>>> print(open('my_file_38.pdb').read())   # PDB, C-alpha atoms and all ligand atoms
MODEL        1
ATOM      1  CA  MET A  19     -19.005   9.775  38.430
ATOM      2  CA  SER A  20     -20.170  13.121  37.121
ATOM      3  CA  SER A  21     -18.488  14.052  33.917
ATOM      4  CA  TRP A  22     -17.416  17.444  35.240
ATOM      5  CA  LEU A  23     -15.064  15.667  37.649
ATOM      6  CA  TRP A  24     -13.040  14.322  34.740
ATOM      7  CA  TYR A  25     -12.278  17.871  33.700
ATOM      8  CA  ALA A  26     -10.166  18.188  36.847
ATOM      9  CA  PHE A  27      -7.649  15.847  35.185
ATOM     10  CA  GLY A  28      -6.932  18.369  32.465
ATOM     11  CA  ALA A  29      -6.468  17.776  28.768
ATOM     12  CA  ARG A  30      -4.716  15.026  26.836
ATOM     13  CA  PRO A  31      -3.830  14.816  23.145
ATOM     14  CA  CYS A  32      -6.476  12.975  21.164
ATOM     15  CA  PRO A  33      -4.929   9.713  19.843
ATOM     16  CA  HIS A  34      -6.568  10.300  16.457
ATOM     17  CA  CYS A  35      -6.147  13.991  15.689
ATOM     18  CA  GLY A  36      -3.614  15.101  18.326
ATOM     19  CA  ALA A  37      -5.760  17.987  19.542
ATOM     20  CA  ASP A  38      -5.717  18.776  23.257
ATOM     21  CA  VAL A  39      -8.999  17.424  24.563
ATOM     22  CA  PRO A  40     -10.348  17.453  28.135
ATOM     23  CA  VAL A  41      -9.869  13.965  29.577
ATOM     24  CA  GLY A  42     -13.591  13.750  30.333
ATOM     25  CA  GLN A  43     -14.470  14.175  26.666
ATOM     26  CA  LEU A  44     -11.964  11.500  25.638
ATOM     27  CA  LEU A  45     -13.194   8.970  28.200
ATOM     28  CA  GLU A  46     -16.836   9.510  27.403
ATOM     29  CA  GLY A  47     -16.413   9.629  23.652
ATOM     30  CA  GLU A  48     -17.753  13.158  23.407
ATOM     31  CA  HIS A  49     -14.825  14.468  21.407
ATOM     32  CA  GLU A  50     -15.272  14.641  17.665
ATOM     33  CA  CYS A  51     -12.076  14.985  15.679
ATOM     34  CA  ASP A  52     -11.831  17.962  13.365
ATOM     35  CA  PRO A  53     -11.027  16.540   9.884
ATOM     36  CA  GLY A  54      -8.761  19.530   9.235
ATOM     37  CA  THR A  55      -6.771  18.794  12.374
ATOM     38  CA  ILE A  56      -6.295  15.164  11.310
ATOM     39  CA  GLU A  57      -5.045  16.247   7.887
ATOM     40  CA  ASP A  58      -2.624  18.719   9.470
ATOM     41  CA  ARG A  59      -1.259  15.999  11.723
ATOM     42  CA  GLN A  60      -0.846  13.512   8.880
ATOM     43  CA  ALA A  61       0.928  16.166   6.816
ATOM     44  CA  ASP A  62       3.275  16.880   9.746
ATOM     45  CA  GLU A  63       4.048  13.178  10.131
ATOM     46  CA  ALA A  64       4.690  12.808   6.397
ATOM     47  CA  ARG A  65       7.043  15.802   6.425
ATOM     48  CA  ALA A  66       8.874  14.380   9.438
ATOM     49  CA  ALA A  67       9.398  11.070   7.621
ATOM     50  CA  VAL A  68      10.890  12.568   4.462
ATOM     51  CA  PRO A  69      14.373  13.502   5.797
ATOM     52  CA  CYS A  70      14.681  10.009   7.243
ATOM     53  CA  LEU A  71      13.784   8.416   3.917
ATOM     54  CA  VAL A  72      16.184  10.669   2.001
ATOM     55  CA  ALA A  73      19.003   9.774   4.408
ATOM     56  CA  GLU A  74      18.311   6.050   3.994
ATOM     57  CA  ILE A  75      18.347   6.292   0.209
ATOM     58  CA  ALA A  76      21.546   8.352   0.225
ATOM     59  CA  GLU A  77      23.178   5.796   2.493
ATOM     60  CA  TYR A  78      22.055   3.018   0.188
ATOM     61  CA  LEU A  79      23.369   4.707  -2.949
ATOM     62  CA  ASP A  80      26.696   5.430  -1.222
ATOM     63  CA  SER A  81      26.987   1.783  -0.259
ATOM     64  CA  GLY A  82      27.443   0.786  -3.904
ATOM     65  CA  ARG A  83      24.540  -1.624  -3.850
ATOM     66  CA  GLY A  84      22.359   0.697  -5.882
ATOM     67  CA  GLN A  85      23.900  -0.464  -9.133
ATOM     68  CA  THR A  86      20.803  -1.843 -10.773
ATOM     69  CA  ARG A  87      17.121  -1.081 -10.751
ATOM     70  CA  LEU A  88      16.445  -4.629  -9.650
ATOM     71  CA  ALA A  89      18.716  -4.253  -6.652
ATOM     72  CA  PHE A  90      17.070  -0.951  -5.790
ATOM     73  CA  ALA A  91      13.596  -2.456  -6.054
ATOM     74  CA  ARG A  92      14.696  -5.318  -3.812
ATOM     75  CA  TRP A  93      16.129  -2.880  -1.290
ATOM     76  CA  CYS A  94      12.902  -0.889  -1.287
ATOM     77  CA  ARG A  95      10.911  -4.039  -0.591
ATOM     78  CA  GLU A  96      13.267  -5.073   2.231
ATOM     79  CA  HIS A  97      12.919  -1.639   3.823
ATOM     80  CA  GLY A  98       9.158  -1.447   3.405
ATOM     81  CA  ARG A  99       9.331   1.336   0.862
TER      82      ARG A  99
HETATM   83 ZN    ZN B 101      -9.552  13.960  17.929
ENDMDL
END
>>> encode(input="my_file_38.pdb", output="structure tokens", more="lines below")
Ligand SMILES: [Zn+2]
Amino acid sequence: MSSWLWYAFGARPCPHCGADVPVGQLLEGEHECDPGTIEDRQADEARAAVPCLVAEIAEYLDSGRGQTRLAFARWCREHGR
């Protein structure tokens, strides 16, 4: 199939950098991720995760289990932090 036909399917987000890329480029491996775009995406994901982490820690401290550093370290390990 000619590659131009794939362009009829429109664009999809690149799974690596999130940029909108014509489907033809994705399927044929012609898309090269822009390092800056990848960094922007990772920064966005990190920012999105922070409120969640803060809420989990606040919930933990409110629960009364955060009495000792050992308990806190154990909690962090259990929660993959
Ligand atoms: Zn990409």
>>> closest_residue(input="my_file_38.pdb", among="A:Glu63, A:Asp38, A:Asp52, A:Arg99", to="Ile75 (chain A)", atoms="all atoms listed in the file")
A:Arg99
>>> residues_near_ligand(input="my_file_38.pdb", ligand="ligand ZN 101 (chain B)", cutoff="9 Å", atoms="all atoms listed in the file", output="PyMOL selection string")
chain A and resi 31-39+44+49-53+55-56
>>> residues_around(input="my_file_38.pdb", residues="Glu74 (chain A)", least_positions_apart="2", cutoff="12 Å", atoms="only C-alpha atoms", output="ChimeraX atom specification")
/A:67-72,76-81,84,93-94,97-99
>>> atom_distance(input="my_file_38.pdb", atom1="CA of Arg30 (chain A)", atom2="CA of Arg65 (chain A)")
23.6 Å
>>> atom_distance(input="my_file_38.pdb", atom1="CA of Ala29 (chain A)", atom2="CA of Asp62 (chain A)")
21.4 Å
